[in-house]
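What follows is the content of coords.txt (compact mmCIF, N, CA and C atoms and all ligand atoms).
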# COMPACT_ATOMS: atom_id res chain seq x y z
N MET A 1 93.20 31.41 53.90
CA MET A 1 93.15 30.43 54.99
C MET A 1 91.76 30.47 55.63
N SER A 2 91.11 29.34 55.75
CA SER A 2 89.68 29.32 56.05
C SER A 2 89.32 29.83 57.45
N ASP A 3 90.21 29.66 58.43
CA ASP A 3 89.85 30.10 59.78
C ASP A 3 90.48 31.43 60.16
N CYS A 4 90.92 32.19 59.17
CA CYS A 4 91.57 33.49 59.43
C CYS A 4 90.55 34.61 59.26
N LEU A 5 90.42 35.44 60.30
CA LEU A 5 89.47 36.55 60.28
C LEU A 5 89.70 37.48 59.09
N PHE A 6 90.95 37.85 58.85
CA PHE A 6 91.20 38.81 57.77
C PHE A 6 91.05 38.17 56.39
N CYS A 7 91.33 36.88 56.25
CA CYS A 7 91.02 36.20 54.98
C CYS A 7 89.51 36.21 54.73
N LYS A 8 88.73 36.10 55.81
CA LYS A 8 87.27 36.15 55.65
C LYS A 8 86.83 37.54 55.22
N ILE A 9 87.50 38.59 55.70
CA ILE A 9 87.18 39.95 55.25
C ILE A 9 87.56 40.09 53.77
N ILE A 10 88.71 39.55 53.39
CA ILE A 10 89.13 39.59 51.97
C ILE A 10 88.08 38.89 51.09
N ASP A 11 87.59 37.76 51.58
CA ASP A 11 86.61 36.97 50.81
C ASP A 11 85.17 37.49 50.94
N LYS A 12 85.01 38.61 51.71
CA LYS A 12 83.70 39.25 51.92
C LYS A 12 82.73 38.34 52.68
N LYS A 13 83.30 37.43 53.46
CA LYS A 13 82.44 36.58 54.30
C LYS A 13 82.11 37.29 55.61
N ILE A 14 82.94 38.27 55.96
CA ILE A 14 82.70 39.14 57.12
C ILE A 14 82.74 40.57 56.58
N PRO A 15 81.74 41.39 56.94
CA PRO A 15 81.72 42.76 56.40
C PRO A 15 82.79 43.65 57.03
N ALA A 16 83.25 44.61 56.27
CA ALA A 16 84.19 45.62 56.76
C ALA A 16 83.99 46.87 55.93
N LYS A 17 84.38 48.00 56.52
CA LYS A 17 84.31 49.26 55.77
C LYS A 17 85.60 49.37 54.94
N ILE A 18 85.50 48.96 53.70
CA ILE A 18 86.68 48.90 52.82
C ILE A 18 86.97 50.30 52.28
N VAL A 19 88.24 50.70 52.39
CA VAL A 19 88.62 52.02 51.88
C VAL A 19 89.44 51.91 50.60
N TYR A 20 90.00 50.75 50.34
CA TYR A 20 90.79 50.55 49.11
C TYR A 20 90.93 49.06 48.86
N GLU A 21 90.89 48.69 47.58
CA GLU A 21 91.11 47.28 47.23
C GLU A 21 91.70 47.18 45.84
N ASP A 22 92.68 46.29 45.69
CA ASP A 22 93.13 45.92 44.35
C ASP A 22 93.53 44.45 44.40
N ASP A 23 94.26 43.97 43.41
CA ASP A 23 94.55 42.54 43.37
C ASP A 23 95.57 42.10 44.42
N MET A 24 96.31 43.03 44.99
CA MET A 24 97.34 42.65 45.95
C MET A 24 97.02 42.97 47.41
N VAL A 25 96.29 44.06 47.64
CA VAL A 25 96.07 44.52 49.02
C VAL A 25 94.63 44.95 49.25
N LEU A 26 94.28 44.98 50.54
CA LEU A 26 92.96 45.47 50.96
C LEU A 26 93.18 46.41 52.15
N ALA A 27 92.48 47.54 52.16
CA ALA A 27 92.52 48.45 53.31
C ALA A 27 91.11 48.64 53.82
N PHE A 28 90.95 48.61 55.13
CA PHE A 28 89.61 48.74 55.73
C PHE A 28 89.74 49.40 57.09
N GLU A 29 88.63 50.03 57.53
CA GLU A 29 88.61 50.73 58.82
C GLU A 29 88.73 49.73 59.96
N ASP A 30 89.55 50.08 60.96
CA ASP A 30 89.64 49.23 62.14
C ASP A 30 88.30 49.28 62.90
N ILE A 31 87.86 48.14 63.39
CA ILE A 31 86.56 48.06 64.07
C ILE A 31 86.59 48.76 65.44
N ASN A 32 87.77 48.96 65.99
CA ASN A 32 87.93 49.59 67.30
C ASN A 32 89.00 50.69 67.19
N PRO A 33 88.65 51.81 66.51
CA PRO A 33 89.67 52.80 66.17
C PRO A 33 90.33 53.44 67.38
N GLN A 34 91.63 53.61 67.28
CA GLN A 34 92.42 54.21 68.35
C GLN A 34 92.82 55.65 68.03
N ALA A 35 92.33 56.17 66.95
CA ALA A 35 92.62 57.54 66.53
C ALA A 35 91.52 57.93 65.55
N PRO A 36 91.35 59.25 65.29
CA PRO A 36 90.31 59.67 64.34
C PRO A 36 90.44 58.97 62.97
N VAL A 37 91.67 58.76 62.54
CA VAL A 37 91.93 57.94 61.35
C VAL A 37 92.62 56.67 61.82
N HIS A 38 92.04 55.53 61.55
CA HIS A 38 92.66 54.25 61.92
C HIS A 38 92.15 53.19 60.96
N PHE A 39 92.99 52.88 59.99
CA PHE A 39 92.62 51.80 59.07
C PHE A 39 93.74 50.78 59.06
N LEU A 40 93.41 49.61 58.58
CA LEU A 40 94.35 48.49 58.47
C LEU A 40 94.59 48.23 56.99
N ILE A 41 95.81 47.88 56.68
CA ILE A 41 96.11 47.52 55.30
C ILE A 41 96.81 46.17 55.31
N ILE A 42 96.29 45.27 54.47
CA ILE A 42 96.75 43.86 54.51
C ILE A 42 97.00 43.36 53.09
N PRO A 43 97.91 42.38 52.97
CA PRO A 43 98.04 41.71 51.68
C PRO A 43 96.91 40.70 51.51
N LYS A 44 96.53 40.43 50.27
CA LYS A 44 95.53 39.39 50.04
C LYS A 44 96.11 38.00 50.28
N LYS A 45 97.43 37.89 50.19
CA LYS A 45 98.10 36.63 50.52
C LYS A 45 98.10 36.44 52.03
N HIS A 46 97.78 35.24 52.49
CA HIS A 46 97.81 34.97 53.93
C HIS A 46 99.26 34.79 54.39
N VAL A 47 99.75 35.79 55.12
CA VAL A 47 101.09 35.77 55.71
C VAL A 47 100.88 36.07 57.19
N PRO A 48 101.26 35.18 58.12
CA PRO A 48 100.90 35.38 59.53
C PRO A 48 101.56 36.61 60.18
N THR A 49 102.88 36.76 60.03
CA THR A 49 103.58 37.86 60.71
C THR A 49 104.68 38.40 59.81
N ILE A 50 105.29 39.49 60.22
CA ILE A 50 106.40 40.08 59.46
C ILE A 50 107.58 39.10 59.39
N LEU A 51 107.65 38.17 60.35
CA LEU A 51 108.72 37.17 60.34
C LEU A 51 108.59 36.20 59.18
N ASP A 52 107.40 36.13 58.62
CA ASP A 52 107.14 35.18 57.53
C ASP A 52 107.32 35.81 56.14
N VAL A 53 107.71 37.08 56.13
CA VAL A 53 107.89 37.77 54.85
C VAL A 53 109.24 37.35 54.23
N SER A 54 109.22 37.07 52.95
CA SER A 54 110.47 36.72 52.25
C SER A 54 110.56 37.54 50.96
N ASP A 55 111.63 37.28 50.19
CA ASP A 55 111.85 38.04 48.96
C ASP A 55 110.66 37.98 48.01
N GLU A 56 109.96 36.86 48.03
CA GLU A 56 108.84 36.73 47.08
C GLU A 56 107.66 37.65 47.44
N ASP A 57 107.73 38.27 48.61
CA ASP A 57 106.66 39.18 49.04
C ASP A 57 106.97 40.65 48.75
N LYS A 58 108.12 40.90 48.10
CA LYS A 58 108.53 42.30 47.96
C LYS A 58 107.55 43.12 47.12
N ASN A 59 106.87 42.48 46.17
CA ASN A 59 105.94 43.26 45.32
C ASN A 59 104.78 43.82 46.13
N TRP A 60 104.08 42.96 46.85
CA TRP A 60 102.93 43.48 47.61
C TRP A 60 103.38 44.35 48.77
N LEU A 61 104.55 44.03 49.34
CA LEU A 61 105.02 44.80 50.50
C LEU A 61 105.33 46.25 50.09
N GLY A 62 106.04 46.42 48.99
CA GLY A 62 106.33 47.77 48.52
C GLY A 62 105.05 48.49 48.12
N HIS A 63 104.20 47.78 47.42
CA HIS A 63 102.94 48.35 46.95
C HIS A 63 102.06 48.80 48.13
N LEU A 64 102.05 47.97 49.18
CA LEU A 64 101.21 48.24 50.35
C LEU A 64 101.55 49.60 50.97
N PHE A 65 102.84 49.91 51.06
CA PHE A 65 103.21 51.20 51.65
C PHE A 65 102.83 52.37 50.75
N GLY A 66 102.89 52.16 49.45
CA GLY A 66 102.43 53.19 48.52
C GLY A 66 100.94 53.46 48.70
N VAL A 67 100.17 52.38 48.86
CA VAL A 67 98.73 52.52 49.05
C VAL A 67 98.43 53.19 50.40
N ALA A 68 99.18 52.82 51.44
CA ALA A 68 99.00 53.46 52.76
C ALA A 68 99.22 54.97 52.64
N ASN A 69 100.25 55.36 51.91
CA ASN A 69 100.52 56.80 51.73
C ASN A 69 99.38 57.48 50.99
N LYS A 70 98.90 56.83 49.95
CA LYS A 70 97.80 57.41 49.15
C LYS A 70 96.55 57.63 50.02
N ILE A 71 96.21 56.63 50.84
CA ILE A 71 94.99 56.77 51.67
C ILE A 71 95.22 57.83 52.75
N ALA A 72 96.42 57.87 53.34
CA ALA A 72 96.72 58.89 54.35
C ALA A 72 96.55 60.29 53.76
N LYS A 73 96.99 60.46 52.52
CA LYS A 73 96.81 61.77 51.85
C LYS A 73 95.32 62.05 51.65
N GLU A 74 94.59 61.05 51.17
CA GLU A 74 93.15 61.23 50.92
C GLU A 74 92.40 61.58 52.20
N LYS A 75 92.85 61.02 53.31
CA LYS A 75 92.16 61.26 54.58
C LYS A 75 92.66 62.53 55.27
N GLY A 76 93.62 63.20 54.65
CA GLY A 76 94.04 64.51 55.13
C GLY A 76 94.98 64.50 56.33
N VAL A 77 95.68 63.39 56.54
CA VAL A 77 96.59 63.34 57.69
C VAL A 77 98.07 63.35 57.28
N SER A 78 98.36 63.37 56.00
CA SER A 78 99.76 63.20 55.59
C SER A 78 100.63 64.37 56.02
N GLU A 79 100.12 65.59 55.92
CA GLU A 79 100.94 66.75 56.30
C GLU A 79 101.08 66.86 57.81
N ARG A 80 100.00 66.59 58.53
CA ARG A 80 100.04 66.66 60.00
C ARG A 80 100.93 65.57 60.56
N GLY A 81 100.87 64.41 59.94
CA GLY A 81 101.66 63.27 60.40
C GLY A 81 100.77 62.10 60.74
N PHE A 82 101.32 60.94 60.59
CA PHE A 82 100.57 59.71 60.89
C PHE A 82 101.58 58.64 61.25
N ARG A 83 101.06 57.54 61.73
CA ARG A 83 101.93 56.45 62.19
C ARG A 83 101.51 55.14 61.54
N ILE A 84 102.49 54.37 61.09
CA ILE A 84 102.23 53.03 60.57
C ILE A 84 102.82 52.04 61.58
N VAL A 85 101.98 51.11 62.04
CA VAL A 85 102.37 50.18 63.10
C VAL A 85 102.15 48.74 62.64
N ASN A 86 103.15 47.92 62.86
CA ASN A 86 102.98 46.48 62.68
C ASN A 86 103.32 45.80 64.00
N ASN A 87 102.36 45.09 64.56
CA ASN A 87 102.62 44.31 65.77
C ASN A 87 103.00 42.89 65.35
N CYS A 88 104.10 42.40 65.95
CA CYS A 88 104.58 41.06 65.62
C CYS A 88 104.67 40.20 66.87
N ASN A 89 103.81 39.21 66.92
CA ASN A 89 103.76 38.24 68.03
C ASN A 89 103.23 38.85 69.33
N HIS A 90 103.09 38.03 70.35
CA HIS A 90 102.20 38.38 71.46
C HIS A 90 102.67 39.57 72.31
N GLU A 91 103.97 39.74 72.54
CA GLU A 91 104.39 40.85 73.42
C GLU A 91 104.13 42.21 72.78
N SER A 92 104.06 42.26 71.48
CA SER A 92 103.77 43.52 70.79
C SER A 92 102.28 43.85 70.81
N GLY A 93 101.47 42.81 71.07
CA GLY A 93 100.02 43.00 71.07
C GLY A 93 99.33 42.44 69.84
N GLN A 94 100.03 41.65 69.01
CA GLN A 94 99.38 41.09 67.83
C GLN A 94 98.28 40.13 68.24
N THR A 95 97.09 40.35 67.71
CA THR A 95 95.94 39.49 68.03
C THR A 95 95.41 38.76 66.80
N VAL A 96 95.65 39.32 65.61
CA VAL A 96 95.20 38.67 64.37
C VAL A 96 96.44 38.26 63.59
N TYR A 97 96.55 36.96 63.30
CA TYR A 97 97.77 36.43 62.68
C TYR A 97 97.62 36.32 61.15
N HIS A 98 97.24 37.45 60.59
CA HIS A 98 97.33 37.74 59.15
C HIS A 98 97.98 39.11 59.14
N ILE A 99 99.17 39.20 58.61
CA ILE A 99 99.96 40.43 58.74
C ILE A 99 99.12 41.66 58.35
N HIS A 100 99.25 42.70 59.16
CA HIS A 100 98.49 43.93 58.89
C HIS A 100 99.28 45.11 59.41
N PHE A 101 99.09 46.23 58.73
CA PHE A 101 99.75 47.47 59.12
C PHE A 101 98.65 48.45 59.52
N HIS A 102 98.72 48.89 60.78
CA HIS A 102 97.80 49.92 61.25
C HIS A 102 98.28 51.26 60.70
N VAL A 103 97.36 52.08 60.23
CA VAL A 103 97.70 53.45 59.87
C VAL A 103 96.82 54.34 60.74
N LEU A 104 97.50 55.14 61.58
CA LEU A 104 96.81 55.95 62.60
C LEU A 104 97.16 57.42 62.40
N GLY A 105 96.15 58.27 62.52
CA GLY A 105 96.42 59.70 62.39
C GLY A 105 95.24 60.51 62.90
N GLY A 106 95.42 61.85 62.86
CA GLY A 106 94.34 62.74 63.25
C GLY A 106 94.40 63.17 64.70
N ARG A 107 95.45 62.77 65.41
CA ARG A 107 95.67 63.26 66.78
C ARG A 107 97.16 63.18 67.06
N HIS A 108 97.58 63.91 68.10
CA HIS A 108 98.98 63.81 68.50
C HIS A 108 99.24 62.44 69.11
N MET A 109 100.39 61.88 68.78
CA MET A 109 100.73 60.56 69.33
C MET A 109 102.00 60.61 70.14
N ALA A 110 101.97 59.93 71.28
CA ALA A 110 103.12 59.95 72.19
C ALA A 110 104.20 58.97 71.72
N TRP A 111 105.40 59.25 72.18
CA TRP A 111 106.52 58.34 71.96
C TRP A 111 107.32 58.28 73.24
N PRO A 112 107.73 57.14 73.78
CA PRO A 112 107.53 55.82 73.19
C PRO A 112 106.09 55.33 73.32
N PRO A 113 105.71 54.39 72.43
CA PRO A 113 104.36 53.82 72.51
C PRO A 113 104.22 52.98 73.76
N GLY A 114 102.99 52.75 74.18
CA GLY A 114 102.74 52.00 75.40
C GLY A 114 103.03 50.52 75.25
P1 LIG A 201 96.64 43.64 66.25
O1 LIG A 201 96.29 43.74 67.71
O2 LIG A 201 96.71 42.19 65.79
O3 LIG A 201 97.85 44.42 65.86
O4 LIG A 201 95.47 44.35 65.48
C1 LIG A 201 94.27 43.72 65.14
C2 LIG A 201 93.29 44.83 64.84
O5 LIG A 201 92.19 44.27 64.16
C3 LIG A 201 92.75 45.53 66.08
O6 LIG A 201 93.05 46.92 66.02
C4 LIG A 201 91.26 45.25 66.03
O7 LIG A 201 90.47 46.34 66.46
C5 LIG A 201 91.03 44.93 64.57
N1 LIG A 201 89.95 44.00 64.34
C6 LIG A 201 89.71 42.84 65.01
N2 LIG A 201 88.63 42.22 64.51
C7 LIG A 201 88.17 43.01 63.50
C8 LIG A 201 87.05 42.91 62.60
O8 LIG A 201 86.27 41.96 62.61
N3 LIG A 201 86.90 43.93 61.71
C9 LIG A 201 87.74 44.99 61.66
N4 LIG A 201 87.48 45.93 60.75
N5 LIG A 201 88.79 45.11 62.49
C10 LIG A 201 89.00 44.14 63.39
ZN ZN A 202 94.56 35.29 56.52
In structure tokens, write the structure found in this file.
Ligand code: 5GP
Ligand code: ZN
Amino acid sequence: MSDCLFCKIIDKKIPAKIVYEDDMVLAFEDINPQAPVHFLIIPKKHVPTILDVSDEDKNWLGHLFGVANKIAKEKGVSERGFRIVNNCNHESGQTVYHIHFHVLGGRHMAWPPG
């Protein structure tokens, strides 16, 4: 989608620190990290929110979590623990409407979230 920030990152029209890429997903460092480890993982398909996910998305969706686990292990946070967050719509804090999963780790995290 031409006016989507994350589609522009996928198309390399906007630079990002990419940590993983394949034909289905892209992972890159968050520009404003909230933890020592904070990367985003997104499908290459433009899907605005988790509400827009359907059965036809199950391949990239399952794959995306496998890739998130792999990167968390590589970054050394898997044993300590990490958090995967998806914000959906405005009350959750979603600001970019290309579905993305935050992966945060490297510090203790409170519950409930703010
Ligand atoms: P949301 O608030 O929609 O759940 O998360 C959007 C995330 O995208 C935020 O954590 C924000 O820091 C990150 N972000 C926004 N613009 C950019 C950008 O241009 N590059 C990167 N790498 N991250 C961005
Ligand atoms: Zn997009």
Can I get the residues close to ligand LIG 201 (chain A) as an NGL selection string, where close means within 5 Å and we count all atoms listed in the file?
-> :A and (29-32 or 87 or 93-96)
Selection as a ChimeraX atom specification: residues within 6 Å of (96.8, 36.2, 59.3), counting only C-alpha atoms = /A:4,46-48,96-99
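Per DSSP on the backbone, strand (DSSP E) in chain A comprises Ile18, Val19, Tyr20, Glu21, Val25, Leu26, Ala27, Phe28, Glu29, Val37, His38, Phe39, Leu40, Ile41, Ile42, Pro43, Phe82, Arg83, Ile84, Val85, Phe101, His102, Val103, Leu104 and Gly105 of chain A.
Atom pair atom C of Val85 in chain A / CA of Ala68 in chain A: separated by 11.4 Å.
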So which bits of range 34-104 of chain A end up helix (DSSP H, G or I) when you DSSP the backbone, as a PyMOL selection string?
-> chain A and resi 50-52+55-74+90-92
Identify, on the basis of all atoms listed in the file, every residue whose closest approach to Gln34 in chain A does not exceed 8 Å; exclude the query and any residue fewer than 5 positions from it along the same chain; express the result as a PyMOL selection string.
-> chain A and resi 39+104-105
Residue selection dump (N, CA and C atoms) as a PDB file, in the frame of the given file:
ATOM      1  N   PHE A  39      92.990  52.880  59.990  1.00  0.00           N
ATOM      2  CA  PHE A  39      92.620  51.800  59.070  1.00  0.00           C
ATOM      3  C   PHE A  39      93.740  50.780  59.060  1.00  0.00           C
ATOM      4  N   LEU A 104      97.500  55.140  61.580  1.00  0.00           N
ATOM      5  CA  LEU A 104      96.810  55.950  62.600  1.00  0.00           C
ATOM      6  C   LEU A 104      97.160  57.420  62.400  1.00  0.00           C
ATOM      7  N   GLY A 105      96.150  58.270  62.520  1.00  0.00           N
ATOM      8  CA  GLY A 105      96.420  59.700  62.390  1.00  0.00           C
ATOM      9  C   GLY A 105      95.240  60.510  62.900  1.00  0.00           C
TER      10      GLY A 105
END
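If you look at atom C of Ile41 in chain A and CA of Leu64 in chain A, they are 6.9 Å away from each other.
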Any idea what the distance is between CA of Asp23 in chain A and CA of Gly106 in chain A?
-> 28.3 Å
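Minimum atom-to-atom distance to Val103 in chain A, evaluated using all atoms listed in the file, belongs to A:Phe82 out of A:Asp55, A:Phe82, A:Ile50, A:Trp60.
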How big is the axis-aligned box around the listed atoms of range 25-42 of chain A once 4 Å is added on each side, and where is its centre? Give both in Å to one decimal, as lines of an AutoDock Vina configuration file.
center_x = 91.8
center_y = 51.5
center_z = 58.0
size_x = 18.4
size_y = 24.3
size_z = 28.7
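Restricting the calculation to all atoms listed in the file, the smallest distance between Leu26 in chain A and any of A:Gly66, A:Pro43, A:Arg80, A:Asp11 is found for A:Pro43.
Between Thr49 in chain A and the residues A:Lys12, A:His100, A:Lys17, A:Arg83, the shortest atom-to-atom distance, using only N, CA and C atoms, involves A:His100.
For the choices A:His108, A:Lys44, A:Lys70, A:Gly81, the atom-to-atom distance to Cys7 in chain A is smallest for A:Lys44 when using all atoms listed in the file.
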Some atoms are absent from range 22-33 of chain A, so rebuild all heavy atoms and return them as an mmCIF file, keeping the file's coordinate frame.
data_model
loop_
_atom_site.group_PDB
_atom_site.id
_atom_site.type_symbol
_atom_site.label_atom_id
_atom_site.label_comp_id
_atom_site.auth_asym_id
_atom_site.auth_seq_id
_atom_site.Cartn_x
_atom_site.Cartn_y
_atom_site.Cartn_z
ATOM 1 N N ASP A 22 92.680 46.290 45.690
ATOM 2 C CA ASP A 22 93.130 45.920 44.350
ATOM 3 C C ASP A 22 93.530 44.450 44.400
ATOM 4 O O ASP A 22 93.166 43.740 45.353
ATOM 5 C CB ASP A 22 94.256 46.860 43.848
ATOM 6 C CG ASP A 22 95.519 46.825 44.697
ATOM 7 O OD1 ASP A 22 95.787 45.792 45.359
ATOM 8 O OD2 ASP A 22 96.266 47.816 44.709
ATOM 9 N N ASP A 23 94.260 43.970 43.410
ATOM 10 C CA ASP A 23 94.550 42.540 43.370
ATOM 11 C C ASP A 23 95.570 42.100 44.420
ATOM 12 O O ASP A 23 95.647 40.909 44.733
ATOM 13 C CB ASP A 23 94.986 42.104 41.960
ATOM 14 C CG ASP A 23 96.200 42.864 41.467
ATOM 15 O OD1 ASP A 23 96.465 43.981 41.972
ATOM 16 O OD2 ASP A 23 96.890 42.342 40.588
ATOM 17 N N MET A 24 96.310 43.030 44.990
ATOM 18 C CA MET A 24 97.340 42.650 45.950
ATOM 19 C C MET A 24 97.020 42.970 47.410
ATOM 20 O O MET A 24 97.468 42.259 48.307
ATOM 21 C CB MET A 24 98.669 43.333 45.594
ATOM 22 C CG MET A 24 99.419 42.662 44.472
ATOM 23 S SD MET A 24 101.118 43.230 44.370
ATOM 24 C CE MET A 24 100.937 44.648 43.337
ATOM 25 N N VAL A 25 96.290 44.060 47.640
ATOM 26 C CA VAL A 25 96.070 44.520 49.020
ATOM 27 C C VAL A 25 94.630 44.950 49.250
ATOM 28 O O VAL A 25 93.889 45.234 48.303
ATOM 29 C CB VAL A 25 97.017 45.697 49.394
ATOM 30 C CG1 VAL A 25 98.480 45.305 49.237
ATOM 31 C CG2 VAL A 25 96.695 46.943 48.593
ATOM 32 N N LEU A 26 94.280 44.980 50.540
ATOM 33 C CA LEU A 26 92.960 45.470 50.960
ATOM 34 C C LEU A 26 93.180 46.410 52.150
ATOM 35 O O LEU A 26 93.978 46.097 53.050
ATOM 36 C CB LEU A 26 92.086 44.293 51.390
ATOM 37 C CG LEU A 26 90.663 44.619 51.839
ATOM 38 C CD1 LEU A 26 89.788 44.992 50.642
ATOM 39 C CD2 LEU A 26 90.030 43.428 52.561
ATOM 40 N N ALA A 27 92.480 47.540 52.160
ATOM 41 C CA ALA A 27 92.520 48.450 53.310
ATOM 42 C C ALA A 27 91.110 48.640 53.820
ATOM 43 O O ALA A 27 90.163 48.775 53.032
ATOM 44 C CB ALA A 27 93.126 49.791 52.906
ATOM 45 N N PHE A 28 90.950 48.610 55.130
ATOM 46 C CA PHE A 28 89.610 48.740 55.730
ATOM 47 C C PHE A 28 89.740 49.400 57.090
ATOM 48 O O PHE A 28 90.784 49.357 57.746
ATOM 49 C CB PHE A 28 88.908 47.381 55.835
ATOM 50 C CG PHE A 28 89.683 46.306 56.543
ATOM 51 C CD1 PHE A 28 89.452 46.036 57.887
ATOM 52 C CD2 PHE A 28 90.655 45.569 55.880
ATOM 53 C CE1 PHE A 28 90.168 45.050 58.554
ATOM 54 C CE2 PHE A 28 91.384 44.573 56.531
ATOM 55 C CZ PHE A 28 91.143 44.312 57.866
ATOM 56 N N GLU A 29 88.630 50.030 57.530
ATOM 57 C CA GLU A 29 88.610 50.730 58.820
ATOM 58 C C GLU A 29 88.730 49.730 59.960
ATOM 59 O O GLU A 29 88.082 48.667 59.938
ATOM 60 C CB GLU A 29 87.305 51.520 58.986
ATOM 61 C CG GLU A 29 86.990 52.500 57.866
ATOM 62 C CD GLU A 29 87.886 53.735 57.862
ATOM 63 O OE1 GLU A 29 88.692 53.919 58.796
ATOM 64 O OE2 GLU A 29 87.780 54.507 56.903
ATOM 65 N N ASP A 30 89.550 50.080 60.960
ATOM 66 C CA ASP A 30 89.640 49.230 62.140
ATOM 67 C C ASP A 30 88.300 49.280 62.900
ATOM 68 O O ASP A 30 87.707 50.348 63.058
ATOM 69 C CB ASP A 30 90.784 49.707 63.045
ATOM 70 C CG ASP A 30 91.165 48.654 64.077
ATOM 71 O OD1 ASP A 30 90.341 48.380 64.993
ATOM 72 O OD2 ASP A 30 92.262 48.084 63.974
ATOM 73 N N ILE A 31 87.860 48.140 63.390
ATOM 74 C CA ILE A 31 86.560 48.060 64.070
ATOM 75 C C ILE A 31 86.590 48.760 65.440
ATOM 76 O O ILE A 31 85.544 49.159 65.958
ATOM 77 C CB ILE A 31 86.137 46.572 64.229
ATOM 78 C CG1 ILE A 31 84.632 46.429 64.347
ATOM 79 C CG2 ILE A 31 86.866 45.895 65.386
ATOM 80 C CD1 ILE A 31 84.135 44.992 64.176
ATOM 81 N N ASN A 32 87.770 48.960 65.990
ATOM 82 C CA ASN A 32 87.930 49.590 67.300
ATOM 83 C C ASN A 32 89.000 50.690 67.190
ATOM 84 O O ASN A 32 90.112 50.547 67.686
ATOM 85 C CB ASN A 32 88.342 48.528 68.325
ATOM 86 C CG ASN A 32 88.466 49.085 69.720
ATOM 87 O OD1 ASN A 32 87.884 50.113 70.054
ATOM 88 N ND2 ASN A 32 89.256 48.421 70.557
ATOM 89 N N PRO A 33 88.650 51.810 66.510
ATOM 90 C CA PRO A 33 89.670 52.800 66.170
ATOM 91 C C PRO A 33 90.330 53.440 67.380
ATOM 92 O O PRO A 33 89.658 53.780 68.362
ATOM 93 C CB PRO A 33 88.891 53.832 65.342
ATOM 94 C CG PRO A 33 87.451 53.609 65.660
ATOM 95 C CD PRO A 33 87.304 52.172 66.036
#
